[in-house]
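Student: Sharing a structure, written as structure tokens. Questions coming.
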Amino acid sequence: MSEQQPVTIPADLMTVLRCPVTGTALRQGTGADEGLLVNDSPDRPLGYPIRSGVPVLLAHEATALDRPA
């Protein structure tokens, strides 16, 4: 079985995507957050999965993220 490669969302799409919970911009996760779209909220950091190349931007699919203070 081959290892799944990370999916890159096109830059033009990333400019319009927003977190459905906080309304903040999203970016592609890196490191431990790879494979997620991560919001820019300092108060409520959330990550959203990308499944089969499609971002799943549903509030109940969000994962709370730990970010250093």
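Letters for chains follow the order of the structure tokens (A, B, ...), residue numbers begin at 1 for each chain, and ligand numbers begin at 1 in the order shown.
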Please report, as a PyMOL selection string, each residue of chain A to which DSSP assigns strand (DSSP E) when run on this structure's backbone.
Tutor: chain A and resi 26-28+36-39+46-51+54-55+63-64
Student: Within 10 Å of Leu17 of chain A, counting only C-alpha atoms, which residues show up once you throw out same-chain ones fewer than 3 positions away? Write them as a PDB file with all heavy atoms, in the first residue's frame, please.
Tutor:
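Generated file (out_9.pdb):
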```pdb
ATOM      1  N   ASP A  12      -5.880  30.227  -5.655  1.00  0.00           N
ATOM      2  CA  ASP A  12      -7.049  31.078  -5.908  1.00  0.00           C
ATOM      3  C   ASP A  12      -8.257  30.635  -5.083  1.00  0.00           C
ATOM      4  O   ASP A  12      -9.059  31.460  -4.659  1.00  0.00           O
ATOM      5  CB  ASP A  12      -7.384  31.151  -7.393  1.00  0.00           C
ATOM      6  CG  ASP A  12      -7.637  29.796  -8.027  1.00  0.00           C
ATOM      7  OD1 ASP A  12      -7.144  28.774  -7.502  1.00  0.00           O
ATOM      8  OD2 ASP A  12      -8.320  29.747  -9.063  1.00  0.00           O
ATOM      9  N   LEU A  13      -8.363  29.356  -4.810  1.00  0.00           N
ATOM     10  CA  LEU A  13      -9.442  28.864  -3.955  1.00  0.00           C
ATOM     11  C   LEU A  13      -9.177  29.228  -2.493  1.00  0.00           C
ATOM     12  O   LEU A  13     -10.084  29.626  -1.765  1.00  0.00           O
ATOM     13  CB  LEU A  13      -9.605  27.349  -4.112  1.00  0.00           C
ATOM     14  CG  LEU A  13     -10.679  26.683  -3.265  1.00  0.00           C
ATOM     15  CD1 LEU A  13     -12.056  27.287  -3.542  1.00  0.00           C
ATOM     16  CD2 LEU A  13     -10.711  25.191  -3.521  1.00  0.00           C
ATOM     17  N   MET A  14      -7.918  29.135  -2.075  1.00  0.00           N
ATOM     18  CA  MET A  14      -7.572  29.453  -0.686  1.00  0.00           C
ATOM     19  C   MET A  14      -7.899  30.904  -0.337  1.00  0.00           C
ATOM     20  O   MET A  14      -8.219  31.202   0.813  1.00  0.00           O
ATOM     21  CB  MET A  14      -6.089  29.168  -0.413  1.00  0.00           C
ATOM     22  CG  MET A  14      -5.737  27.697  -0.392  1.00  0.00           C
ATOM     23  SD  MET A  14      -6.645  26.728   0.842  1.00  0.00           S
ATOM     24  CE  MET A  14      -6.186  27.531   2.358  1.00  0.00           C
ATOM     25  N   PRO A  20     -15.920  28.229   8.808  1.00  0.00           N
ATOM     26  CA  PRO A  20     -17.357  28.417   9.002  1.00  0.00           C
ATOM     27  C   PRO A  20     -17.736  28.754  10.447  1.00  0.00           C
ATOM     28  O   PRO A  20     -18.831  29.235  10.695  1.00  0.00           O
ATOM     29  CB  PRO A  20     -17.957  27.070   8.579  1.00  0.00           C
ATOM     30  CG  PRO A  20     -16.865  26.090   8.763  1.00  0.00           C
ATOM     31  CD  PRO A  20     -15.587  26.832   8.491  1.00  0.00           C
ATOM     32  N   GLY A  23     -15.022  32.561  10.883  1.00  0.00           N
ATOM     33  CA  GLY A  23     -14.987  33.495   9.770  1.00  0.00           C
ATOM     34  C   GLY A  23     -13.581  33.938   9.377  1.00  0.00           C
ATOM     35  O   GLY A  23     -13.416  34.764   8.492  1.00  0.00           O
ATOM     36  N   THR A  24     -12.561  33.379  10.023  1.00  0.00           N
ATOM     37  CA  THR A  24     -11.182  33.752   9.714  1.00  0.00           C
ATOM     38  C   THR A  24     -10.672  32.999   8.489  1.00  0.00           C
ATOM     39  O   THR A  24     -11.236  31.988   8.086  1.00  0.00           O
ATOM     40  CB  THR A  24     -10.251  33.468  10.911  1.00  0.00           C
ATOM     41  OG1 THR A  24     -10.359  32.087  11.267  1.00  0.00           O
ATOM     42  CG2 THR A  24     -10.610  34.321  12.116  1.00  0.00           C
ATOM     43  N   ALA A  25      -9.585  33.515   7.931  1.00  0.00           N
ATOM     44  CA  ALA A  25      -8.961  32.887   6.760  1.00  0.00           C
ATOM     45  C   ALA A  25      -8.451  31.497   7.110  1.00  0.00           C
ATOM     46  O   ALA A  25      -8.179  31.193   8.280  1.00  0.00           O
ATOM     47  CB  ALA A  25      -7.823  33.758   6.257  1.00  0.00           C
ATOM     48  N   LEU A  26      -8.314  30.672   6.085  1.00  0.00           N
ATOM     49  CA  LEU A  26      -7.774  29.323   6.251  1.00  0.00           C
ATOM     50  C   LEU A  26      -6.446  29.228   5.507  1.00  0.00           C
ATOM     51  O   LEU A  26      -6.216  29.922   4.521  1.00  0.00           O
ATOM     52  CB  LEU A  26      -8.742  28.287   5.694  1.00  0.00           C
ATOM     53  CG  LEU A  26     -10.058  28.149   6.445  1.00  0.00           C
ATOM     54  CD1 LEU A  26     -11.046  27.325   5.638  1.00  0.00           C
ATOM     55  CD2 LEU A  26      -9.847  27.534   7.811  1.00  0.00           C
ATOM     56  N   ARG A  27      -5.575  28.357   5.994  1.00  0.00           N
ATOM     57  CA  ARG A  27      -4.309  28.067   5.331  1.00  0.00           C
ATOM     58  C   ARG A  27      -4.086  26.564   5.413  1.00  0.00           C
ATOM     59  O   ARG A  27      -4.695  25.879   6.238  1.00  0.00           O
ATOM     60  CB  ARG A  27      -3.155  28.817   5.982  1.00  0.00           C
ATOM     61  CG  ARG A  27      -2.934  28.431   7.431  1.00  0.00           C
ATOM     62  CD  ARG A  27      -1.722  29.097   8.039  1.00  0.00           C
ATOM     63  NE  ARG A  27      -1.637  28.826   9.453  1.00  0.00           N
ATOM     64  CZ  ARG A  27      -1.248  27.692  10.009  1.00  0.00           C
ATOM     65  NH1 ARG A  27      -0.900  26.677   9.240  1.00  0.00           N
ATOM     66  NH2 ARG A  27      -1.211  27.530  11.309  1.00  0.00           N
ATOM     67  N   LEU A  37      -6.942  21.993   6.736  1.00  0.00           N
ATOM     68  CA  LEU A  37      -6.990  23.430   6.534  1.00  0.00           C
ATOM     69  C   LEU A  37      -7.160  24.022   7.920  1.00  0.00           C
ATOM     70  O   LEU A  37      -8.037  23.609   8.682  1.00  0.00           O
ATOM     71  CB  LEU A  37      -8.158  23.831   5.635  1.00  0.00           C
ATOM     72  CG  LEU A  37      -8.041  23.441   4.174  1.00  0.00           C
ATOM     73  CD1 LEU A  37      -9.231  23.985   3.390  1.00  0.00           C
ATOM     74  CD2 LEU A  37      -6.752  23.937   3.557  1.00  0.00           C
ATOM     75  N   ASN A  39      -7.503  27.376  10.529  1.00  0.00           N
ATOM     76  CA  ASN A  39      -7.930  28.776  10.560  1.00  0.00           C
ATOM     77  C   ASN A  39      -6.864  29.652  11.219  1.00  0.00           C
ATOM     78  O   ASN A  39      -5.930  29.156  11.840  1.00  0.00           O
ATOM     79  CB  ASN A  39      -9.305  28.944  11.222  1.00  0.00           C
ATOM     80  CG  ASN A  39      -9.283  28.752  12.722  1.00  0.00           C
ATOM     81  OD1 ASN A  39      -8.254  28.627  13.359  1.00  0.00           O
ATOM     82  ND2 ASN A  39     -10.454  28.712  13.318  1.00  0.00           N
ATOM     83  N   PRO A  55     -11.914  19.976   0.650  1.00  0.00           N
ATOM     84  CA  PRO A  55     -11.978  20.462   2.031  1.00  0.00           C
ATOM     85  C   PRO A  55     -13.370  20.219   2.619  1.00  0.00           C
ATOM     86  O   PRO A  55     -14.376  20.511   1.983  1.00  0.00           O
ATOM     87  CB  PRO A  55     -11.720  21.966   1.907  1.00  0.00           C
ATOM     88  CG  PRO A  55     -11.191  22.180   0.540  1.00  0.00           C
ATOM     89  CD  PRO A  55     -11.679  21.048  -0.304  1.00  0.00           C
ATOM     90  N   LEU A  57     -15.550  21.614   5.130  1.00  0.00           N
ATOM     91  CA  LEU A  57     -15.711  22.797   5.971  1.00  0.00           C
ATOM     92  C   LEU A  57     -17.055  22.775   6.690  1.00  0.00           C
ATOM     93  O   LEU A  57     -17.900  23.643   6.516  1.00  0.00           O
ATOM     94  CB  LEU A  57     -15.554  24.064   5.126  1.00  0.00           C
ATOM     95  CG  LEU A  57     -14.214  24.206   4.425  1.00  0.00           C
ATOM     96  CD1 LEU A  57     -14.170  25.489   3.614  1.00  0.00           C
ATOM     97  CD2 LEU A  57     -13.071  24.146   5.419  1.00  0.00           C
TER      98      LEU A  57
END
```
Student: Could you give me the residues within chain A that DSSP places in helix (DSSP H, G or I), as a ChimeraX atom specification?
Tutor: /A:11-14,31-33,59-61
Student: Would you kindly return, as a PyMOL selection string, each protein, DNA or RNA residue with an atom no farther than 9 Å from any atom of Tyr48 of chain A, considering only C-alpha atoms and excluding same-chain residues fewer than 3 positions away?
Tutor: chain A and resi 19+35-39+55-59+61-63
Student: If you keep all heavy atoms, can you produce a file of those selected residues as an mmCIF file, in the first residue's frame?
Tutor:
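The result, stored in result13.cif:
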```cif
data_model
loop_
_atom_site.group_PDB
_atom_site.id
_atom_site.type_symbol
_atom_site.label_atom_id
_atom_site.label_comp_id
_atom_site.auth_asym_id
_atom_site.auth_seq_id
_atom_site.Cartn_x
_atom_site.Cartn_y
_atom_site.Cartn_z
ATOM 1 N N CYS A 19 -13.158 29.964 7.573
ATOM 2 C CA CYS A 19 -13.607 29.039 8.622
ATOM 3 C C CYS A 19 -15.102 29.280 8.848
ATOM 4 O O CYS A 19 -15.519 30.418 9.088
ATOM 5 C CB CYS A 19 -12.820 29.304 9.899
ATOM 6 S SG CYS A 19 -13.411 28.358 11.319
ATOM 7 N N GLY A 35 -2.444 17.979 6.132
ATOM 8 C CA GLY A 35 -3.673 17.301 5.733
ATOM 9 C C GLY A 35 -4.915 18.004 6.234
ATOM 10 O O GLY A 35 -6.025 17.525 6.047
ATOM 11 N N LEU A 36 -4.721 19.165 6.875
ATOM 12 C CA LEU A 36 -5.839 19.953 7.375
ATOM 13 C C LEU A 36 -5.790 21.348 6.785
ATOM 14 O O LEU A 36 -4.720 21.839 6.410
ATOM 15 C CB LEU A 36 -5.762 20.102 8.904
ATOM 16 C CG LEU A 36 -5.863 18.864 9.761
ATOM 17 C CD1 LEU A 36 -5.631 19.227 11.227
ATOM 18 C CD2 LEU A 36 -7.208 18.189 9.596
ATOM 19 N N LEU A 37 -6.942 21.993 6.736
ATOM 20 C CA LEU A 37 -6.990 23.430 6.534
ATOM 21 C C LEU A 37 -7.160 24.022 7.920
ATOM 22 O O LEU A 37 -8.037 23.609 8.682
ATOM 23 C CB LEU A 37 -8.158 23.831 5.635
ATOM 24 C CG LEU A 37 -8.041 23.441 4.174
ATOM 25 C CD1 LEU A 37 -9.231 23.985 3.390
ATOM 26 C CD2 LEU A 37 -6.752 23.937 3.557
ATOM 27 N N VAL A 38 -6.298 24.965 8.262
ATOM 28 C CA VAL A 38 -6.233 25.511 9.614
ATOM 29 C C VAL A 38 -6.660 26.972 9.575
ATOM 30 O O VAL A 38 -6.215 27.729 8.711
ATOM 31 C CB VAL A 38 -4.784 25.386 10.147
ATOM 32 C CG1 VAL A 38 -4.655 25.984 11.527
ATOM 33 C CG2 VAL A 38 -4.355 23.921 10.149
ATOM 34 N N ASN A 39 -7.503 27.376 10.529
ATOM 35 C CA ASN A 39 -7.930 28.776 10.560
ATOM 36 C C ASN A 39 -6.864 29.652 11.219
ATOM 37 O O ASN A 39 -5.930 29.156 11.840
ATOM 38 C CB ASN A 39 -9.305 28.944 11.222
ATOM 39 C CG ASN A 39 -9.283 28.752 12.722
ATOM 40 O OD1 ASN A 39 -8.254 28.627 13.359
ATOM 41 N ND2 ASN A 39 -10.454 28.712 13.318
ATOM 42 N N PRO A 55 -11.914 19.976 0.650
ATOM 43 C CA PRO A 55 -11.978 20.462 2.031
ATOM 44 C C PRO A 55 -13.370 20.219 2.619
ATOM 45 O O PRO A 55 -14.376 20.511 1.983
ATOM 46 C CB PRO A 55 -11.720 21.966 1.907
ATOM 47 C CG PRO A 55 -11.191 22.180 0.540
ATOM 48 C CD PRO A 55 -11.679 21.048 -0.304
ATOM 49 N N VAL A 56 -13.403 19.687 3.834
ATOM 50 C CA VAL A 56 -14.672 19.431 4.514
ATOM 51 C C VAL A 56 -14.860 20.544 5.543
ATOM 52 O O VAL A 56 -14.382 20.462 6.673
ATOM 53 C CB VAL A 56 -14.681 18.044 5.185
ATOM 54 C CG1 VAL A 56 -16.020 17.784 5.851
ATOM 55 C CG2 VAL A 56 -14.361 16.955 4.169
ATOM 56 N N LEU A 57 -15.550 21.614 5.130
ATOM 57 C CA LEU A 57 -15.711 22.797 5.971
ATOM 58 C C LEU A 57 -17.055 22.775 6.690
ATOM 59 O O LEU A 57 -17.900 23.643 6.516
ATOM 60 C CB LEU A 57 -15.554 24.064 5.126
ATOM 61 C CG LEU A 57 -14.214 24.206 4.425
ATOM 62 C CD1 LEU A 57 -14.170 25.489 3.614
ATOM 63 C CD2 LEU A 57 -13.071 24.146 5.419
ATOM 64 N N LEU A 58 -17.218 21.782 7.524
ATOM 65 C CA LEU A 58 -18.419 21.625 8.344
ATOM 66 C C LEU A 58 -18.005 21.769 9.808
ATOM 67 O O LEU A 58 -17.024 21.159 10.245
ATOM 68 C CB LEU A 58 -19.060 20.263 8.117
ATOM 69 C CG LEU A 58 -19.499 19.967 6.682
ATOM 70 C CD1 LEU A 58 -19.918 18.506 6.552
ATOM 71 C CD2 LEU A 58 -20.622 20.892 6.271
ATOM 72 N N ALA A 59 -18.754 22.564 10.563
ATOM 73 C CA ALA A 59 -18.397 22.842 11.956
ATOM 74 C C ALA A 59 -18.214 21.558 12.770
ATOM 75 O O ALA A 59 -17.280 21.450 13.562
ATOM 76 C CB ALA A 59 -19.447 23.736 12.602
ATOM 77 N N GLU A 61 -17.104 18.780 11.820
ATOM 78 C CA GLU A 61 -15.907 18.051 11.385
ATOM 79 C C GLU A 61 -14.623 18.716 11.872
ATOM 80 O O GLU A 61 -13.538 18.160 11.717
ATOM 81 C CB GLU A 61 -15.871 17.964 9.851
ATOM 82 C CG GLU A 61 -16.942 17.094 9.258
ATOM 83 C CD GLU A 61 -16.628 15.608 9.374
ATOM 84 O OE1 GLU A 61 -15.464 15.242 9.613
ATOM 85 O OE2 GLU A 61 -17.573 14.819 9.207
ATOM 86 N N ALA A 62 -14.713 19.901 12.448
ATOM 87 C CA ALA A 62 -13.538 20.645 12.903
ATOM 88 C C ALA A 62 -12.871 19.952 14.097
ATOM 89 O O ALA A 62 -13.536 19.348 14.934
ATOM 90 C CB ALA A 62 -13.926 22.060 13.291
ATOM 91 N N THR A 63 -11.553 20.080 14.125
ATOM 92 C CA THR A 63 -10.758 19.567 15.236
ATOM 93 C C THR A 63 -10.123 20.744 15.940
ATOM 94 O O THR A 63 -9.509 21.610 15.296
ATOM 95 C CB THR A 63 -9.638 18.651 14.700
ATOM 96 O OG1 THR A 63 -10.228 17.592 13.955
ATOM 97 C CG2 THR A 63 -8.799 18.090 15.819
#
```
